Amino acid sequence: MRHIHRTLMALAAILASPASAADQFAPLPPVVPWHGPSERLVARPSDPWITPAEARNFDETPSYAETRAWIDRLVAASPLLRIEPFGRTAQGRELYAVRASKPGGGPKPVLLAQAGIHSGEIDGKDAGLMLLRDIALRGKDKLLDHADLLFVPIFNADGHERSSPFNRPNQRGPRSQGWRTTAQNLNLNRDYLKADTPEMKAMIGLLRKAQPALYLDLHVTDGTDYQYDITFAFPGYAGYYAHSPSIGRWLDSRYRPAVNAALARAGHIPGVYIDSDGRNPDKGINLNADSPRFSTGYGDLARIPTVLVENHSLKPYRQRVLGTYVLIEESLRLVGAEGAEIEAAIATDRASRPVTETLTWKAAPKPLFVIPDFKGIAHDSYRSAASGGNEIRWLGRPVMQAMPVLGQIPDKVVTLPAAWWVPVTKPEVIERLRLHGIAFETIPKSRTISVDMVRLNGPELKKADEGHVPLAAKAYVHAPRQEMFPAGSVRVPSAQPLGLLAAAMLEPESPDSLLAWNFFPEILMRTEYIEGYAIAPLADRMLAENAALKAEFEAKLAADTKFAADPDARLGWFYERTPYYDERFLLYPVGRELKP
């Protein structure tokens, strides 16, 4: 009895403590009840091939080891399936895809569906396991008559194993979820272009090997409440932002209506990916251009039809998984039915040779369009003692409303050069060009050519982001130069299928360029200096002999009192105007070969 009494007292103390785990669970808005025909996809409890998530009533998702064990058993039972390893994580876990295909008939278009890039958002894994079973053993093998499925169940495998019920406070199930970033604390869906992680290097290799007709990136979104349970977007949605316009048109005119119809038939509510202001959701939803750090922005420049799927985090896990199943299944059916049309769209975009590229975007002055029957959820606000302000409260009651869609217009548009020249001294940049499959010519001996090069004016280091300390500048000053590129340097022509991808990587003003990610920190260093006893008399002589320089200096003194009071800054100003100054300081070493 004394033991039981002590146990009860300890439990009471834990529950009374403000730091107890039970008190830390964030309260979520009310659930909107849901039932739909897709519930028929769930295996019976007695089915020997019930998936781990189904067996646990979708309360839990299996671990990496449990997932692999179930897949290994399924693959052993079906000649339609095989496992294709494609890399390893930073902690050494194997990355693998499951290929579902029928032999014979020649090459078929491939649907590459990727789950768990953010491994807490793991709906795609459990949906994919169900679909693989039904293809292999439950009569859906006709989906493979005209297409292959290449399914990656867990992309961020290290993050998947950092599982906890406290990882995603805005998400309703499963009970424990993986972590957003990798074991290196890097976000894979920010790594497509810079490709720092072993996981992303492996995925880019898989993309190049598979050459998918369609690439699905399966996520779960946080944010506001609404009725839609399965949302998605892509470059070209409603006709906006596609750098690969033929691919964008196929996605918008064929893929979007087909998937919307399939989801609606299954009882789901599909819609455009919803990104809005969490405190003022009625202001509008954002439909913006994606940069190539993201899967969709990268796919757009790499000529890969890519769809971002964002299930709604506030819907129950079971509902989300079933909707994802329907979306993947319809995507596979559509790839098989329209493989020739997709191939033609990809070929058209790969054959195009754009002369300009939009590098940055700015807010459009008015909404792109209005959704007249947006399926929202009623809300009000209350005064929070904790925040000291008004906070939103979702009421769980469906409403219909007109919703503006806010967008962007081009800001920085550049005319592409004939080519970019990357010096041999930057092997890490050349290696990334090779990784992405960007064509280049390696010169066997040194060459001196006329190029446009950029010097940074007012460089600024930003806060740490994705393993880098990004670099920006107040101005990027272009000037012609005669530049010698040593043997082993590379010439990257812009007139190639991946010319826009090369531009995003090498154009200095590109917000996702390797310069912006600070792959060139050496240009920020000065390694030679001049002492005051040498520069002061030289500067005095420069003032006495150059009237224009004297006028410029006096104007600087009058305009900048801090400069005027700093002897070192004053002498430094003269040093910069002498032939002793390092003429490569702040010079971006990639040259732009202009068209004749």
# chains A, B, ... in the order shown; residues from 1 in each chain; ligands from 1
>>> residues_around(residues="Gly248 in chain A", least_positions_apart="6", cutoff="10 Å", atoms="only C-alpha atoms", output="JSON list (two decimals) with N, CA and C atoms, in the first residue's frame")
[["chain", "number", "residue", "atom", "x", "y", "z"],
["A", 234, "PHE", "N", 2.19, 24.03, -58.34],
["A", 234, "PHE", "CA", 3.30, 23.77, -59.26],
["A", 234, "PHE", "C", 3.54, 25.04, -60.06],
["A", 235, "PRO", "N", 4.75, 25.24, -60.61],
["A", 235, "PRO", "CA", 4.98, 26.37, -61.51],
["A", 235, "PRO", "C", 4.08, 26.22, -62.75],
["A", 236, "GLY", "N", 3.31, 27.26, -63.02],
["A", 236, "GLY", "CA", 2.33, 27.19, -64.09],
["A", 236, "GLY", "C", 0.90, 27.09, -63.59],
["A", 237, "TYR", "N", 0.72, 26.99, -62.27],
["A", 237, "TYR", "CA", -0.64, 26.92, -61.70],
["A", 237, "TYR", "C", -1.40, 28.19, -62.09],
["A", 238, "ALA", "N", -2.55, 27.99, -62.70],
["A", 238, "ALA", "CA", -3.38, 29.11, -63.20],
["A", 238, "ALA", "C", -2.62, 29.98, -64.20],
["A", 239, "GLY", "N", -1.55, 29.44, -64.77],
["A", 239, "GLY", "CA", -0.81, 30.16, -65.80],
["A", 239, "GLY", "C", 0.31, 31.04, -65.30],
["A", 240, "TYR", "N", 0.69, 30.95, -64.04],
["A", 240, "TYR", "CA", 1.68, 31.87, -63.47],
["A", 240, "TYR", "C", 3.04, 31.19, -63.25],
["A", 241, "TYR", "N", 4.10, 31.94, -63.55],
["A", 241, "TYR", "CA", 5.48, 31.74, -63.09],
["A", 241, "TYR", "C", 6.28, 30.63, -63.77],
["A", 242, "ALA", "N", 5.75, 29.89, -64.70],
["A", 242, "ALA", "CA", 6.49, 28.74, -65.23],
["A", 242, "ALA", "C", 7.67, 29.18, -66.09],
["A", 254, "ARG", "N", -4.17, 19.56, -67.68],
["A", 254, "ARG", "CA", -4.46, 18.13, -67.66],
["A", 254, "ARG", "C", -4.33, 17.54, -66.25],
["A", 255, "TYR", "N", -3.22, 17.79, -65.60],
["A", 255, "TYR", "CA", -3.00, 17.18, -64.29],
["A", 255, "TYR", "C", -3.96, 17.74, -63.24],
["A", 300, "ASP", "N", 11.21, 23.19, -62.15],
["A", 300, "ASP", "CA", 10.83, 24.11, -63.22],
["A", 300, "ASP", "C", 12.04, 24.47, -64.08],
["A", 303, "ARG", "N", 13.53, 21.29, -66.01],
["A", 303, "ARG", "CA", 12.61, 20.71, -67.01],
["A", 303, "ARG", "C", 12.05, 19.38, -66.53],
["A", 305, "PRO", "N", 8.62, 17.97, -64.67],
["A", 305, "PRO", "CA", 7.29, 18.29, -64.14],
["A", 305, "PRO", "C", 7.22, 17.93, -62.65],
["A", 306, "THR", "N", 7.04, 18.93, -61.80],
["A", 306, "THR", "CA", 7.13, 18.74, -60.35],
["A", 306, "THR", "C", 5.91, 19.33, -59.67],
["A", 345, "ALA", "N", 5.93, 17.78, -73.96],
["A", 345, "ALA", "CA", 6.05, 19.05, -73.23],
["A", 345, "ALA", "C", 7.47, 19.22, -72.70],
["A", 346, "ILE", "N", 8.03, 18.15, -72.13],
["A", 346, "ILE", "CA", 9.41, 18.22, -71.61],
["A", 346, "ILE", "C", 10.38, 18.51, -72.75],
["A", 349, "ASP", "N", 10.29, 22.20, -73.84],
["A", 349, "ASP", "CA", 10.97, 23.11, -72.92],
["A", 349, "ASP", "C", 12.47, 22.90, -72.93]]
>>> residues_around(residues="range 419-431 of chain A", least_positions_apart="5", cutoff="7 Å", atoms="only C-alpha atoms", output="PyMOL selection string")
chain A and resi 485-486+488-494+590-593
>>> select_by_dssp(residues="range 488-565 of chain A", states="strand (DSSP E or B)", output="list in words")
Val490, Arg491, Val492 and Pro493 of chain A
>>> write_last_selection(atoms="C-alpha atoms", output="compact mmCIF listing (two decimals), in the first residue's frame")
# COMPACT_ATOMS: atom_id res chain seq x y z
CA VAL A 490 35.09 25.59 -67.52
CA ARG A 491 32.88 27.41 -69.99
CA VAL A 492 29.14 26.94 -69.30
CA PRO A 493 27.01 27.88 -72.33
>>> atom_distance(atom1="CA of Arg383 in chain A", atom2="CA of Pro281 in chain A")
17.4 Å
>>> residues_around(residues="Gly178 in chain A", least_positions_apart="6", cutoff="12 Å", atoms="only C-alpha atoms", output="ChimeraX atom specification")
/A:60-64,116-123,154-168,171
>>> residues_around(residues="Gly467 in chain A", least_positions_apart="5", cutoff="12 Å", atoms="only C-alpha atoms", output="list in words")
Thr181, Thr182, Gln184, Asn185, Leu186, Asn187, Leu188, Arg190, Asp191, Lys194, Ala195, Asp196, Thr197, Trp517, Asn518 and Phe519 of chain A
>>> residues_around(residues="Gly458 in chain A", least_positions_apart="2", cutoff="12 Å", atoms="only C-alpha atoms", output="PDB file with C-alpha atoms, in the first residue's frame")
ATOM      1  CA  ARG A 455      32.421  43.592 -58.025  1.00  0.00           C
ATOM      2  CA  LEU A 456      30.425  43.746 -54.809  1.00  0.00           C
ATOM      3  CA  GLU A 460      26.740  42.275 -46.159  1.00  0.00           C
ATOM      4  CA  LEU A 461      26.708  38.946 -44.355  1.00  0.00           C
ATOM      5  CA  LEU A 471      26.062  37.078 -48.690  1.00  0.00           C
ATOM      6  CA  ALA A 472      24.334  40.092 -50.194  1.00  0.00           C
ATOM      7  CA  ALA A 473      25.547  43.439 -51.472  1.00  0.00           C
ATOM      8  CA  LYS A 474      24.165  46.940 -51.719  1.00  0.00           C
ATOM      9  CA  ALA A 475      25.128  46.913 -55.399  1.00  0.00           C
ATOM     10  CA  TYR A 476      26.555  44.518 -57.969  1.00  0.00           C
ATOM     11  CA  VAL A 477      28.806  46.619 -60.195  1.00  0.00           C
ATOM     12  CA  LEU A 524      35.764  39.179 -48.882  1.00  0.00           C
ATOM     13  CA  PHE A 585      39.079  42.372 -53.668  1.00  0.00           C
ATOM     14  CA  LEU A 586      35.285  41.787 -53.755  1.00  0.00           C
TER      15      LEU A 586
END
>>> residues_around(residues="Leu111 in chain A", least_positions_apart="6", cutoff="9 Å", atoms="only C-alpha atoms", output="list in words")
Ala147, Asp148, Leu149, Leu150, Phe151, Pro212, Ala213, Leu214, Tyr215, Leu216, Ile328, Ser331, Leu332, Val335 and Gly336 of chain A
>>> write_last_selection(atoms="N, CA and C atoms", output="PDB file, in the first residue's frame")
ATOM      1  N   ALA A 147       3.092   2.693 -67.302  1.00  0.00           N
ATOM      2  CA  ALA A 147       3.939   3.572 -66.489  1.00  0.00           C
ATOM      3  C   ALA A 147       4.593   2.778 -65.382  1.00  0.00           C
ATOM      4  N   ASP A 148       5.725   3.264 -64.899  1.00  0.00           N
ATOM      5  CA  ASP A 148       6.391   2.718 -63.712  1.00  0.00           C
ATOM      6  C   ASP A 148       6.197   3.676 -62.549  1.00  0.00           C
ATOM      7  N   LEU A 149       6.130   3.110 -61.357  1.00  0.00           N
ATOM      8  CA  LEU A 149       6.125   3.912 -60.134  1.00  0.00           C
ATOM      9  C   LEU A 149       7.460   3.720 -59.433  1.00  0.00           C
ATOM     10  N   LEU A 150       8.114   4.819 -59.109  1.00  0.00           N
ATOM     11  CA  LEU A 150       9.343   4.812 -58.321  1.00  0.00           C
ATOM     12  C   LEU A 150       9.031   5.572 -57.036  1.00  0.00           C
ATOM     13  N   PHE A 151       8.953   4.842 -55.935  1.00  0.00           N
ATOM     14  CA  PHE A 151       8.459   5.411 -54.682  1.00  0.00           C
ATOM     15  C   PHE A 151       9.557   5.445 -53.629  1.00  0.00           C
ATOM     16  N   PRO A 212      12.095  11.299 -64.553  1.00  0.00           N
ATOM     17  CA  PRO A 212      10.660  11.080 -64.353  1.00  0.00           C
ATOM     18  C   PRO A 212       9.801  11.958 -65.256  1.00  0.00           C
ATOM     19  N   ALA A 213       8.694  11.386 -65.677  1.00  0.00           N
ATOM     20  CA  ALA A 213       7.678  12.175 -66.382  1.00  0.00           C
ATOM     21  C   ALA A 213       6.943  13.079 -65.407  1.00  0.00           C
ATOM     22  N   LEU A 214       6.934  12.701 -64.128  1.00  0.00           N
ATOM     23  CA  LEU A 214       6.277  13.498 -63.096  1.00  0.00           C
ATOM     24  C   LEU A 214       6.959  13.202 -61.769  1.00  0.00           C
ATOM     25  N   TYR A 215       7.178  14.261 -60.992  1.00  0.00           N
ATOM     26  CA  TYR A 215       7.863  14.176 -59.694  1.00  0.00           C
ATOM     27  C   TYR A 215       6.928  14.752 -58.646  1.00  0.00           C
ATOM     28  N   LEU A 216       6.513  13.928 -57.674  1.00  0.00           N
ATOM     29  CA  LEU A 216       5.639  14.368 -56.586  1.00  0.00           C
ATOM     30  C   LEU A 216       6.459  14.531 -55.314  1.00  0.00           C
ATOM     31  N   ILE A 328      -1.699   9.921 -55.492  1.00  0.00           N
ATOM     32  CA  ILE A 328      -0.617   9.165 -56.137  1.00  0.00           C
ATOM     33  C   ILE A 328      -1.187   8.211 -57.184  1.00  0.00           C
ATOM     34  N   SER A 331      -2.218  10.126 -60.215  1.00  0.00           N
ATOM     35  CA  SER A 331      -1.014  10.618 -60.897  1.00  0.00           C
ATOM     36  C   SER A 331      -0.389   9.505 -61.736  1.00  0.00           C
ATOM     37  N   LEU A 332      -0.323   8.298 -61.176  1.00  0.00           N
ATOM     38  CA  LEU A 332       0.249   7.163 -61.913  1.00  0.00           C
ATOM     39  C   LEU A 332      -0.620   6.817 -63.118  1.00  0.00           C
ATOM     40  N   VAL A 335       0.033   9.517 -65.777  1.00  0.00           N
ATOM     41  CA  VAL A 335       1.335   9.372 -66.425  1.00  0.00           C
ATOM     42  C   VAL A 335       1.278   8.258 -67.467  1.00  0.00           C
ATOM     43  N   GLY A 336       0.598   7.174 -67.144  1.00  0.00           N
ATOM     44  CA  GLY A 336       0.457   6.097 -68.113  1.00  0.00           C
ATOM     45  C   GLY A 336      -0.390   6.481 -69.301  1.00  0.00           C
TER      46      GLY A 336
END
>>> select_by_dssp(residues="range 150-359 of chain A", states="alpha helix (DSSP H)", output="JSON, numbers by chain")
{"A": [157, 158, 159, 160, 198, 199, 200, 201, 202, 203, 204, 205, 206, 207, 208, 209, 210, 245, 246, 247, 248, 249, 250, 256, 257, 258, 259, 260, 261, 262, 263, 264, 265, 295, 296, 297, 298, 299, 300, 301, 302, 317, 318, 319, 320, 321, 322, 323, 324, 325, 326, 327, 328, 329, 330, 331, 332, 333, 334, 335, 336, 337, 339, 340, 341, 342, 343, 344, 345, 346, 347, 348, 349, 350, 351]}
>>> residues_around(residues="Glu509 in chain A", least_positions_apart="5", cutoff="9 Å", atoms="only C-alpha atoms", output="VMD selection string")
chain A and resid 359 to 360 412 414 472 476 504 515 to 516
>>> closest_residue(among="A:Tyr192, A:Ala210, A:Ser313, A:Arg318", to="Arg432 in chain A", atoms="only C-alpha atoms")
A:Tyr192
>>> atom_distance(atom1="CA of Ala351 in chain A", atom2="CA of Pro497 in chain A")
6.2 Å
